[in-house]
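In what follows, a structure is listed as structure tokens, so that the remarks can point back to it.
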2 protein chains.
Amino acid sequence: MKEDARNRKGVMYEILKKEILTLVRRPGSDLDETQLAEEFSLSRTPLREVFRQLAGEGYVELRENRGARISDMSHTTLRDFFLAAPMIYGAVMRLAARNAKPAQIDDLKATQELFKDALHRGSNEDRALFNNRFHEITGDMADNVYLLPSFNRLLIDHARIGMTFYQPQDNQMAENLTAASAQHDAIITAIENRDEVSAAQLATDHWNLSRNQIELFVMPSQLDIPLGSPSTKAERG
Amino acid sequence: MKEDARNRKGVMYEILKKEILTLVRRPGSDLDETQLAEEFSLSRTPLREVFRQLAGEGYVELRENRGARISDMSHTTLRDFFLAAPMIYGAVMRLAARNAKPAQIDDLKATQELFKDALHRGSNEDRALFNNRFHEITGDMADNVYLLPSFNRLLIDHARIGMTFYQPQDNQMAENLTAASAQHDAIITAIENRDEVSAAQLATDHWNLSRNQIELFVMPSQLDIPLGSPSTKAERG
DNA sequence: AAAATATTTATTGTATACAAATTGTATTTT
DNA sequence: AAAATACAATTTGTATACAATAAATATTTT
């Protein structure tokens, strides 16, 4: 709390990221510069720089003279997501198994423990956040500047889709989470053993589980409805 | 030239992009805020916003309290590049053939003409730039937000690698360029015919040609030397 | 003279004031 | 009253002044 004073920009960056990933800030909703400036006791100048960075990473969208808003999730999101995810994620996992460094493996294990704890506590936000962190680390392990941009963009909506579709009441969903956690453990093992083939296979399995989770929530025919905030239409060229 | 006054930020963004792609600004070189502000008659505030955006897209790297520099090309660049490129590019081409809109196809054809013209005129910069534009359009055609970030990041270094390794004297290299141009034509045809399989295959062929072009320049054993500015070491976690 | 410390200079980061553009409201016109 | 215009309020964009940090130079100490 004491170094906040000289790192308010970084703090704001991190908090906004978390709030976007956990849907505290809804897809498509506006970001008020003056309001946020007040909230983080920061002037608009550094705040706008953070906006541009978040835009570059896919968290927000900027419109000329019209301010920033949280990146929207349209009816094409799910389709695009499951088209790109298996490929990118498989490649990243394969490279992670190839290139992971010991310190990173330790980090991954620690994060997995935190994930399990969140699961046990039943904290939805923490679960999404630590799951996100887990996969971010595998991205770092892969260590390929050309793969990471898409991978990290996928992780943003992976977290948001997970938050959107999870219902704690559903038994099958809870079981799926246990299965996901077991897959994380298997992933760690594969990476430790530098087993690229298993790692790639586990990546595929992991996404299939995600897909199943979503299909528990919506019927295939319903996949075309918007995911984000109510009735904001995505305008695209 | 007349609307420069109220869009100097956009102008600066475009010019910097071009200068980076054509190696007018060398990888690893510093960007002086005050100097650039003067050069583009722009204050540092909007200039720094552009930096952040360029950083998000992979053109430049920002260091806390140490200014911006052009993204470096290290000894791992080529390896990482040819690891990721075939996969991403293949997927993008396949989707481009699936989703391309008529207006985009027209745009692609026009760009290809400009590319051929640059080839004919022997303009290295224009060749790299129009080739870059050609592939950017295929990215737009693919229309998948999760694939584009990595694809566009690849295109940056594709242009820079091309600029680095091309020597006009070499006959084989000139022939390769003609072959590349012919591949572009074939790509256009495949996209027009919605022929995903051919499009994906052409993507692979296209990268293989790029790889050959580079291997004409450096022996495999030399692939480990830095590509960018002299003796700047990339520091990475 | 070499190393360590202090001082100066240059560069980067932030806040505030102002300009431009957009949005919302009131007025006028038909 | 509906549409169009003009006006006011809000929001976004830019410039400049100042603060904080890092780099360079000069000074002191050994």
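By order in the structure tokens, chains are A, B, ...; within a chain, residues start at 1; ligands start at 1, following the order shown.
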
Report as a Markdown table the residues of chain C within 12 Å of chain B, each with its shortest atom pair and distance in Å (one decimal), using only C-alpha atoms (C1' of nucleotides), ordered by chain and increasing residue number.
```
| residue | atom | partner | partner_atom | distance |
| --- | --- | --- | --- | --- |
| C:DA10 | C1' | B:Thr34 | CA | 11.3 |
| C:DT11 | C1' | B:Arg66 | CA | 8.0 |
| C:DT12 | C1' | B:Asn65 | CA | 5.3 |
| C:DG13 | C1' | B:Asn65 | CA | 7.6 |
| C:DT14 | C1' | B:Thr45 | CA | 10.5 |
| C:DA15 | C1' | B:Thr45 | CA | 12.0 |
| C:DA19 | C1' | B:Arg6 | CA | 11.8 |
| C:DA20 | C1' | B:Arg6 | CA | 9.5 |
| C:DA21 | C1' | B:Arg6 | CA | 11.2 |
```

Could you save those same residues with N, CA and C atoms (P, O5', C5', C4', C3', O3' and C1' of nucleotides) as a CSV table (one decimal), in the first residue's frame?
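And here is the file that came out, out28.csv:
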```csv
chain,number,residue,atom,x,y,z
C,10,DA,P,22.0,19.8,-20.6
C,10,DA,O5',21.2,18.4,-20.7
C,10,DA,C5',21.9,17.2,-20.8
C,10,DA,C4',20.9,16.0,-20.7
C,10,DA,C3',19.7,16.1,-21.6
C,10,DA,O3',19.5,14.9,-22.3
C,10,DA,C1',19.0,15.7,-19.4
C,11,DT,P,18.4,14.7,-23.5
C,11,DT,O5',17.4,13.7,-22.8
C,11,DT,C5',17.9,12.6,-22.1
C,11,DT,C4',16.7,12.0,-21.2
C,11,DT,C3',15.4,11.9,-22.0
C,11,DT,O3',15.0,10.6,-21.9
C,11,DT,C1',15.1,12.9,-19.8
C,12,DT,P,13.7,10.0,-22.7
C,12,DT,O5',12.7,9.7,-21.5
C,12,DT,C5',13.0,8.9,-20.4
C,12,DT,C4',12.1,9.1,-19.2
C,12,DT,C3',10.6,8.8,-19.6
C,12,DT,O3',10.1,7.9,-18.7
C,12,DT,C1',10.8,10.9,-18.4
C,13,DG,P,8.5,7.4,-18.8
C,13,DG,O5',7.8,8.4,-17.7
C,13,DG,C5',8.0,8.1,-16.3
C,13,DG,C4',7.1,9.0,-15.5
C,13,DG,C3',5.6,8.9,-15.8
C,13,DG,O3',4.9,8.8,-14.6
C,13,DG,C1',6.4,11.2,-15.9
C,14,DT,P,3.3,8.7,-14.6
C,14,DT,O5',2.9,10.2,-14.2
C,14,DT,C5',3.3,10.7,-12.9
C,14,DT,C4',2.7,12.1,-12.7
C,14,DT,C3',1.2,12.2,-12.9
C,14,DT,O3',0.7,12.7,-11.7
C,14,DT,C1',2.3,13.9,-14.1
C,15,DA,P,-0.9,12.9,-11.4
C,15,DA,O5',-1.1,14.4,-11.7
C,15,DA,C5',-0.3,15.3,-10.9
C,15,DA,C4',-0.6,16.8,-11.3
C,15,DA,C3',-2.0,17.1,-11.4
C,15,DA,O3',-2.2,18.3,-10.7
C,15,DA,C1',-0.9,17.7,-13.4
C,19,DA,P,-7.7,28.5,-25.4
C,19,DA,O5',-7.9,27.4,-26.5
C,19,DA,C5',-6.7,26.7,-27.0
C,19,DA,C4',-7.1,25.5,-27.9
C,19,DA,C3',-8.3,25.8,-28.8
C,19,DA,O3',-8.0,25.2,-30.1
C,19,DA,C1',-8.8,24.0,-27.4
C,20,DA,P,-9.0,25.4,-31.3
C,20,DA,O5',-9.7,24.0,-31.4
C,20,DA,C5',-8.9,22.8,-31.5
C,20,DA,C4',-9.8,21.6,-31.5
C,20,DA,C3',-11.0,21.7,-32.4
C,20,DA,O3',-11.0,20.5,-33.2
C,20,DA,C1',-11.7,21.1,-30.2
C,21,DA,P,-12.1,20.3,-34.4
C,21,DA,O5',-13.1,19.2,-33.7
C,21,DA,C5',-12.5,18.0,-33.1
C,21,DA,C4',-13.6,17.3,-32.3
C,21,DA,C3',-14.9,17.1,-33.0
C,21,DA,O3',-15.2,15.8,-33.0
C,21,DA,C1',-15.3,18.0,-30.9
```

Open item on the list: With only C-alpha atoms (C1' of nucleotides) considered, list every residue of chain D at most 9 Å from chain A, as a ChimeraX atom specification.
Closed with: /D:11-13

- [ ] Please return, as a PyMOL selection string, all residues of chain B lying within 10 Å of chain A when only C-alpha atoms are considered.
- [x] chain B and resi 45-46+48-58+76-77+79-85+87-88+91-92+95+140+143-155+157+236-237

TODO: Using backbone DSSP assignments, extract all strand (DSSP E or B) residues from stretch 50-180 of chain A; output them as a PyMOL selection string.
DONE: chain A and resi 60-63+67-70

Could you write out the selected residues, including C-alpha atoms, as a compact mmCIF listing (two decimals), in the first residue's frame?
```txt
# COMPACT_ATOMS: atom_id res chain seq x y z
CA VAL A 60 -10.52 -2.16 -24.35
CA GLU A 61 -11.46 -0.48 -27.61
CA LEU A 62 -10.77 3.16 -28.40
CA ARG A 63 -12.96 5.30 -30.66
CA GLY A 67 -13.68 7.57 -25.42
CA ALA A 68 -12.84 4.01 -24.45
CA ARG A 69 -15.01 1.02 -23.75
CA ILE A 70 -14.45 -2.51 -22.58
```

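Our summary of the geometry notes that atom CA of B:Ser41 is positioned 26.0 Å from atom CA of B:Asp126.
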
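One distance worth recording is that between atom CA of A:Leu47 and atom CA of A:Gly10, which is 10.0 Å.
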
TODO: Assign secondary structure with DSSP using the backbone only, and return the residues of chain A in helix (DSSP H, G or I) as a ChimeraX atom specification.
DONE: /A:3-6,8-21,33-39,44-57,77-99,102-121,124-142,148-165,171-192,196-217,220-224

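Considering only C-alpha atoms (C1' of nucleotides), the residue among D:DT30, D:DT10, D:DT21, D:DT16 positioned nearest to C:DG24 is D:DT10.
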
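When the distance limit is 10 Å and only C-alpha atoms (C1' of nucleotides) are what count, the residues near stretch 184-188 of chain B, minus those fewer than 5 positions from it on the same chain, are Met93, Ala96, Ala97, Ile105, Asp106, Leu108, Lys109, Gln112, Glu113, Phe115, Lys116, Asn131, Phe134, His135, Thr138, Thr178, Ala179, Asn193, Arg194, Asp195, Ser198, Ala199, Ala200, Gln201, Leu202, Ala203 and His206 of chain B.
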
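Take atom CA of B:Tyr89 and atom CA of B:Asn132: the distance between them is 13.0 Å.
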
TODO: Excluding B:Ile161 and any residue of its chain fewer than 3 positions from it, enumerate the residues within 10 Å of it, using only C-alpha atoms (C1' of nucleotides), and give them as a ChimeraX atom specification.
DONE: /B:21-23,73,77-78,81,128,155-158,164-166,210,214,227-228

Export of the given selection (N, CA and C atoms) as a CSV table (one decimal), in the first residue's frame:
```csv
chain,number,residue,atom,x,y,z
B,21,LEU,N,9.0,-0.5,-40.5
B,21,LEU,CA,8.9,-1.7,-41.4
B,21,LEU,C,10.0,-1.7,-42.4
B,22,THR,N,10.4,-0.5,-42.9
B,22,THR,CA,11.4,-0.4,-43.9
B,22,THR,C,12.9,-0.3,-43.4
B,23,LEU,N,13.0,-0.4,-42.1
B,23,LEU,CA,14.3,-0.3,-41.4
B,23,LEU,C,14.9,1.1,-41.5
B,73,MET,N,15.5,-7.1,-32.9
B,73,MET,CA,15.5,-8.4,-33.5
B,73,MET,C,16.7,-9.2,-33.0
B,77,THR,N,15.0,-14.4,-33.1
B,77,THR,CA,13.9,-13.9,-33.9
B,77,THR,C,13.6,-14.9,-35.1
B,78,LEU,N,14.6,-15.2,-35.8
B,78,LEU,CA,14.3,-16.0,-37.0
B,78,LEU,C,13.7,-17.4,-36.7
B,81,PHE,N,10.3,-17.0,-35.5
B,81,PHE,CA,9.5,-16.5,-36.6
B,81,PHE,C,9.0,-17.7,-37.5
B,128,ALA,N,8.5,-3.9,-50.0
B,128,ALA,CA,8.2,-4.4,-48.7
B,128,ALA,C,6.9,-3.9,-48.1
B,155,LEU,N,3.8,-10.0,-39.4
B,155,LEU,CA,4.0,-9.2,-40.6
B,155,LEU,C,5.0,-8.1,-40.4
B,156,ILE,N,5.1,-7.6,-39.1
B,156,ILE,CA,6.1,-6.6,-38.9
B,156,ILE,C,7.5,-7.1,-39.2
B,157,ASP,N,7.8,-8.3,-38.6
B,157,ASP,CA,9.1,-8.8,-38.7
B,157,ASP,C,9.3,-9.5,-40.1
B,158,HIS,N,8.2,-9.9,-40.7
B,158,HIS,CA,8.3,-10.4,-42.1
B,158,HIS,C,8.9,-9.3,-43.0
B,164,THR,N,16.1,-6.9,-44.5
B,164,THR,CA,17.4,-7.2,-44.1
B,164,THR,C,18.2,-8.1,-45.0
B,165,PHE,N,17.4,-9.0,-45.6
B,165,PHE,CA,18.1,-10.1,-46.3
B,165,PHE,C,18.2,-10.0,-47.8
B,166,TYR,N,17.5,-9.0,-48.3
B,166,TYR,CA,17.4,-8.9,-49.8
B,166,TYR,C,18.6,-8.2,-50.4
B,210,SER,N,10.1,-17.7,-48.5
B,210,SER,CA,10.7,-16.7,-47.7
B,210,SER,C,11.9,-17.3,-47.0
B,214,ILE,N,16.0,-16.4,-47.3
B,214,ILE,CA,16.9,-16.0,-46.2
B,214,ILE,C,18.1,-17.0,-46.2
B,227,LEU,N,20.2,-9.7,-35.7
B,227,LEU,CA,19.8,-9.1,-37.0
B,227,LEU,C,19.8,-7.6,-37.0
B,228,GLY,N,19.5,-7.1,-35.9
B,228,GLY,CA,19.2,-5.6,-35.8
B,228,GLY,C,20.4,-4.7,-35.7
```
